[in-house]
Amino acid sequence: MDFNVKRLAADAGTFLSRAVQFTEEKLGQAEKTELDAHLENLLVRAENTKQWTERIMKQTEVLLQPNPNVRLEEFVYEKLEKKAPSRMNNHELLGQSMIESGNEFGPGTAYGNALIKCGETEKQIGGAERELIQSAAINFLTPFRNFLEGDFKTILKERKLLQVKRLDLDAAKTRLKKARVADARAAAEQELRMTQSEFDRQAEITRLLLEGVSSTHAHHLRCLNDFVEAQATYYAQCYQYMVDLQKQLGSFPSSFSNNNQSSVDSAASGGFHELRSSSVSRKARVLYDYDAASSSELSLLADEVIIVSSVPGMDSDWLMGERGSQKGKVPITYLELLN
C-alpha cells in the first residue's frame with residue numbers, strides 16, 4: 001500500500017514537473033532543447049507523407065465511388081466488419097434499363113436490337129469497373145490505409161514519448177541550475193545524466209522509425225504503378241467494348257422511324273406485302289447482322305442469302321427464314337427481297 005502511494009506521488013510529481021517546464025517554455029521563461037536538424041526534417045517529411053496520403057486516399061475513394069451516401073454506407077459496414085450489400089453500379093443500371101426497353105420495343109426492330117446491344121456493352125463496362133475498384137482497393141488503398149493506421153500511429157506514439165523525454169531533460173537542466181547545496185547539485189547532475197541518456201535513446205528510436213518513411217515511399221510507388229496498370233486495363237477494356245459496339249451498330253440502318261407502321265409500309269413497297277398475302281417462298285439478302293433473341297428466331301449475317309416465307313398468324317414485322325436445315329423467325333427490317 002505504501003509503495004503504491006509513493007509511486008502515485010512520484011508520478012504526480014513528474015507530471016507536475018513536465019507541466020511546469022512546458023508552461024515556462026511557452027512563456028519564454030525556460031530553455032528548450034532543440035532537436036537536431038536531420039531529425040526535424042524527418043518529422044516534417046513524415047507529417048507531409050501522412051497528410052498527402054490521407055488526401056490521395058480520399059480523392060481516390062471519390063473517383064471510384066462518387067456517391068457520398070454509398071461511401072458512408074461502405075465505411076459503416078467496414079467498421080462493423082460486415083460485408084456491404086451487393087448493388088449494381090451506374091453502368092450496370094443503365095445497361096439493365098436499355099435491355100429491358102429493347103425487349104419492350106422488340107428485339108426484331110432495329111432500335112430495340114440496338115438498345116439491347118448497348119445495354120449488354122454497358123453491363124460489360126460495369127463489370128470492368130468492379131474489377132478496377134477491387135484492384136484499387138487491394139493494391140492501392142489498403143497499403144495507404146495500413147500506413148496511416150499502423151506505421152504512422154507508431155511514429156506518433158514514439159514522437160510523443162520523445163517530447164516527454166525532452167521535457168524531463170529540460171526540467172532536470174532547470175533543477176541543476178537552481179541547485180545551491182552540494183548534495184542537491186549532485187542529485188541534480190545524476191538526474192540530468194539519466195534524463196539525457198533516456199532522451200538520446202528515444203531520439204534514436206524515433207529517428208529509425210522516421211527514416212523508415214523512405215521505405216514507405218518506395219512501397220507506395222509500387223502501389224501507384226499497380227493502380228495505373230489497373231486503370232490502363234480498365235480504359236483499354238472500355239475502349240475495346242465500345243469499338244466492338246460501334247461495329248455492331250454500324251450494320252444497323254442509319255435512320256429509321258419510331259413508328260413501326262412506317263417501317264412496315266416502306267417494306268411493303270419492296271414486295272413484302274405480296275409475300276405475306278401468298279404462300280410462296282422468296283430469296284432475300286440480309287442487310288445487317290442480327291443475333292437471335294430466342295430459340296424461335298434465326299441469327300443472320302450481313303450479305304448472306306436466305307429463303308423467307310409468310311406464316312399465318314405471325315406478326316407483320318416478321319417472316320419465317322430458312323438457311324439449309326436451320327429455320328426461325330427473322331425481322332423484315334433486316335431483309336431485302338431478291339427478284
# chains A, B, ... in the order shown; residues from 1 in each chain; ligands from 1

$ residues_around --residues "Gly250 (chain A)" --least-positions-apart "4" --cutoff "10 Å" --atoms "only C-alpha atoms" --output "list of chain:residue names"
A:Asp244, A:Leu245, A:Gln246, A:Ser254, A:Tyr288, A:Asp289

$ residues_around --residues "region 183-190 of chain A" --least-positions-apart "4" --cutoff "8 Å" --atoms "only C-alpha atoms" --output "list in words"
Ala172, Lys173, Arg175, Leu176, Ala179 and Met194 of chain A

$ atom_distance --atom1 "CA of Asn146 (chain A)" --atom2 "CA of His38 (chain A)"
25.9 Å

$ atom_distance --atom1 "CA of His91 (chain A)" --atom2 "CA of Lys117 (chain A)"
13.6 Å

$ residues_around --residues "region 315-322 of chain A" --least-positions-apart "5" --cutoff "7 Å" --atoms "only C-alpha atoms" --output "mmCIF file with all heavy atoms, in the first residue's frame"
data_model
loop_
_atom_site.group_PDB
_atom_site.id
_atom_site.type_symbol
_atom_site.label_atom_id
_atom_site.label_comp_id
_atom_site.auth_asym_id
_atom_site.auth_seq_id
_atom_site.Cartn_x
_atom_site.Cartn_y
_atom_site.Cartn_z
ATOM 1 N N VAL A 264 -43.177 -0.879 -91.724
ATOM 2 C CA VAL A 264 -43.921 -1.929 -92.418
ATOM 3 C C VAL A 264 -44.382 -1.462 -93.784
ATOM 4 O O VAL A 264 -44.279 -2.167 -94.786
ATOM 5 C CB VAL A 264 -45.128 -2.375 -91.564
ATOM 6 C CG1 VAL A 264 -46.003 -3.347 -92.329
ATOM 7 C CG2 VAL A 264 -44.649 -2.994 -90.256
ATOM 8 N N LEU A 298 -33.948 -16.828 -85.910
ATOM 9 C CA LEU A 298 -32.790 -17.261 -86.681
ATOM 10 C C LEU A 298 -31.770 -16.132 -86.720
ATOM 11 O O LEU A 298 -32.097 -14.999 -87.090
ATOM 12 C CB LEU A 298 -33.208 -17.633 -88.105
ATOM 13 C CG LEU A 298 -32.120 -18.165 -89.048
ATOM 14 C CD1 LEU A 298 -31.595 -19.509 -88.550
ATOM 15 C CD2 LEU A 298 -32.665 -18.292 -90.476
ATOM 16 N N ILE A 306 -30.981 -15.926 -97.771
ATOM 17 C CA ILE A 306 -31.793 -16.957 -97.127
ATOM 18 C C ILE A 306 -33.139 -17.056 -97.847
ATOM 19 O O ILE A 306 -33.476 -16.210 -98.697
ATOM 20 C CB ILE A 306 -32.017 -16.645 -95.635
ATOM 21 C CG1 ILE A 306 -32.806 -15.345 -95.476
ATOM 22 C CG2 ILE A 306 -30.692 -16.574 -94.885
ATOM 23 C CD1 ILE A 306 -33.226 -15.057 -94.035
ATOM 24 N N ILE A 307 -33.896 -18.048 -97.502
ATOM 25 C CA ILE A 307 -35.245 -18.223 -98.031
ATOM 26 C C ILE A 307 -36.231 -17.755 -96.972
ATOM 27 O O ILE A 307 -36.121 -18.135 -95.799
ATOM 28 C CB ILE A 307 -35.519 -19.707 -98.381
ATOM 29 C CG1 ILE A 307 -34.483 -20.232 -99.379
ATOM 30 C CG2 ILE A 307 -36.929 -19.867 -98.934
ATOM 31 C CD1 ILE A 307 -34.489 -19.507 -100.707
ATOM 32 N N VAL A 308 -37.193 -16.923 -97.384
ATOM 33 C CA VAL A 308 -38.192 -16.418 -96.443
ATOM 34 C C VAL A 308 -39.586 -16.735 -96.952
ATOM 35 O O VAL A 308 -39.825 -16.835 -98.170
ATOM 36 C CB VAL A 308 -38.048 -14.896 -96.229
ATOM 37 C CG1 VAL A 308 -36.737 -14.577 -95.530
ATOM 38 C CG2 VAL A 308 -38.148 -14.143 -97.538
ATOM 39 N N SER A 309 -40.496 -16.891 -96.021
ATOM 40 C CA SER A 309 -41.895 -17.151 -96.358
ATOM 41 C C SER A 309 -42.773 -16.623 -95.248
ATOM 42 O O SER A 309 -42.297 -16.348 -94.136
ATOM 43 C CB SER A 309 -42.128 -18.655 -96.553
ATOM 44 O OG SER A 309 -41.810 -19.363 -95.365
ATOM 45 N N SER A 310 -44.055 -16.501 -95.551
ATOM 46 C CA SER A 310 -45.007 -15.990 -94.573
ATOM 47 C C SER A 310 -45.704 -17.154 -93.876
ATOM 48 O O SER A 310 -45.983 -18.185 -94.493
ATOM 49 C CB SER A 310 -46.041 -15.095 -95.256
ATOM 50 O OG SER A 310 -47.002 -14.626 -94.326
ATOM 51 N N LYS A 327 -33.994 -23.049 -89.275
ATOM 52 C CA LYS A 327 -35.241 -22.342 -89.539
ATOM 53 C C LYS A 327 -35.634 -21.526 -88.315
ATOM 54 O O LYS A 327 -35.430 -21.953 -87.177
ATOM 55 C CB LYS A 327 -36.337 -23.360 -89.867
ATOM 56 C CG LYS A 327 -37.619 -22.780 -90.422
ATOM 57 C CD LYS A 327 -38.546 -23.911 -90.848
ATOM 58 C CE LYS A 327 -39.819 -23.368 -91.487
ATOM 59 N NZ LYS A 327 -40.721 -24.462 -91.936
ATOM 60 N N GLY A 328 -36.173 -20.313 -88.560
ATOM 61 C CA GLY A 328 -36.595 -19.471 -87.451
ATOM 62 C C GLY A 328 -37.116 -18.134 -87.922
ATOM 63 O O GLY A 328 -36.969 -17.761 -89.096
ATOM 64 N N LYS A 329 -37.728 -17.387 -87.011
ATOM 65 C CA LYS A 329 -38.273 -16.072 -87.349
ATOM 66 C C LYS A 329 -37.138 -15.083 -87.614
ATOM 67 O O LYS A 329 -36.103 -15.118 -86.947
ATOM 68 C CB LYS A 329 -39.147 -15.545 -86.216
ATOM 69 C CG LYS A 329 -40.390 -16.350 -85.925
ATOM 70 C CD LYS A 329 -41.347 -15.582 -85.023
ATOM 71 C CE LYS A 329 -40.682 -15.174 -83.717
ATOM 72 N NZ LYS A 329 -41.613 -14.438 -82.843
ATOM 73 N N VAL A 330 -37.394 -14.182 -88.598
ATOM 74 C CA VAL A 330 -36.414 -13.136 -88.912
ATOM 75 C C VAL A 330 -37.150 -11.815 -89.081
ATOM 76 O O VAL A 330 -38.277 -11.780 -89.595
ATOM 77 C CB VAL A 330 -35.616 -13.465 -90.187
ATOM 78 C CG1 VAL A 330 -34.738 -14.687 -89.987
ATOM 79 C CG2 VAL A 330 -36.550 -13.698 -91.373
ATOM 80 N N PRO A 331 -36.559 -10.695 -88.671
ATOM 81 C CA PRO A 331 -37.218 -9.381 -88.805
ATOM 82 C C PRO A 331 -37.115 -8.865 -90.249
ATOM 83 O O PRO A 331 -36.042 -8.916 -90.856
ATOM 84 C CB PRO A 331 -36.439 -8.495 -87.832
ATOM 85 C CG PRO A 331 -35.087 -9.135 -87.752
ATOM 86 C CD PRO A 331 -35.282 -10.596 -87.931
ATOM 87 N N ILE A 332 -38.223 -8.353 -90.797
ATOM 88 C CA ILE A 332 -38.218 -7.912 -92.197
ATOM 89 C C ILE A 332 -37.359 -6.672 -92.401
ATOM 90 O O ILE A 332 -36.893 -6.414 -93.519
ATOM 91 C CB ILE A 332 -39.659 -7.651 -92.702
ATOM 92 C CG1 ILE A 332 -40.300 -6.502 -91.929
ATOM 93 C CG2 ILE A 332 -40.509 -8.905 -92.606
ATOM 94 C CD1 ILE A 332 -41.647 -6.081 -92.491
#

$ residues_around --residues "Asn103 (chain A)" --least-positions-apart "5" --cutoff "8 Å" --atoms "only C-alpha atoms" --output "CSV table (one decimal) with N, CA and C atoms, in the first residue's frame"
chain,number,residue,atom,x,y,z
A,112,GLY,N,-34.8,-1.6,-81.1
A,112,GLY,CA,-34.9,-2.5,-79.9
A,112,GLY,C,-33.6,-3.3,-79.9
A,113,ASN,N,-33.1,-3.9,-81.0
A,113,ASN,CA,-31.9,-4.7,-81.0
A,113,ASN,C,-30.7,-3.8,-80.6
A,116,ILE,N,-30.6,-3.3,-76.9
A,116,ILE,CA,-30.1,-4.5,-76.2
A,116,ILE,C,-28.6,-4.6,-76.3

$ select_by_dssp --residues "region 169-302 of chain A" --states "strand (DSSP E)" --output "list of chain:residue names"
A:Ser281, A:Arg282, A:Lys283, A:Ala284, A:Arg285, A:Val286

$ write_last_selection --atoms "N, CA and C atoms" --output "mmCIF file, in the first residue's frame"
data_model
loop_
_atom_site.group_PDB
_atom_site.id
_atom_site.type_symbol
_atom_site.label_atom_id
_atom_site.label_comp_id
_atom_site.auth_asym_id
_atom_site.auth_seq_id
_atom_site.Cartn_x
_atom_site.Cartn_y
_atom_site.Cartn_z
ATOM 1 N N SER A 281 -42.443 -18.866 -101.415
ATOM 2 C CA SER A 281 -41.197 -18.503 -100.741
ATOM 3 C C SER A 281 -40.380 -17.621 -101.660
ATOM 4 N N ARG A 282 -39.569 -16.752 -101.071
ATOM 5 C CA ARG A 282 -38.720 -15.858 -101.853
ATOM 6 C C ARG A 282 -37.311 -15.857 -101.266
ATOM 7 N N LYS A 283 -36.345 -15.540 -102.118
ATOM 8 C CA LYS A 283 -34.989 -15.331 -101.629
ATOM 9 C C LYS A 283 -34.864 -13.902 -101.113
ATOM 10 N N ALA A 284 -34.065 -13.742 -100.066
ATOM 11 C CA ALA A 284 -33.853 -12.404 -99.505
ATOM 12 C C ALA A 284 -32.395 -12.259 -99.080
ATOM 13 N N ARG A 285 -31.853 -11.056 -99.303
ATOM 14 C CA ARG A 285 -30.491 -10.773 -98.874
ATOM 15 C C ARG A 285 -30.537 -10.103 -97.505
ATOM 16 N N VAL A 286 -29.659 -10.537 -96.615
ATOM 17 C CA VAL A 286 -29.602 -9.967 -95.267
ATOM 18 C C VAL A 286 -28.819 -8.658 -95.312
#

$ residues_around --residues "Glu40 (chain A)" --least-positions-apart "5" --cutoff "12 Å" --atoms "only C-alpha atoms" --output "PyMOL selection string"
chain A and resi 34-35+45-47+159+203+206-207+210-211
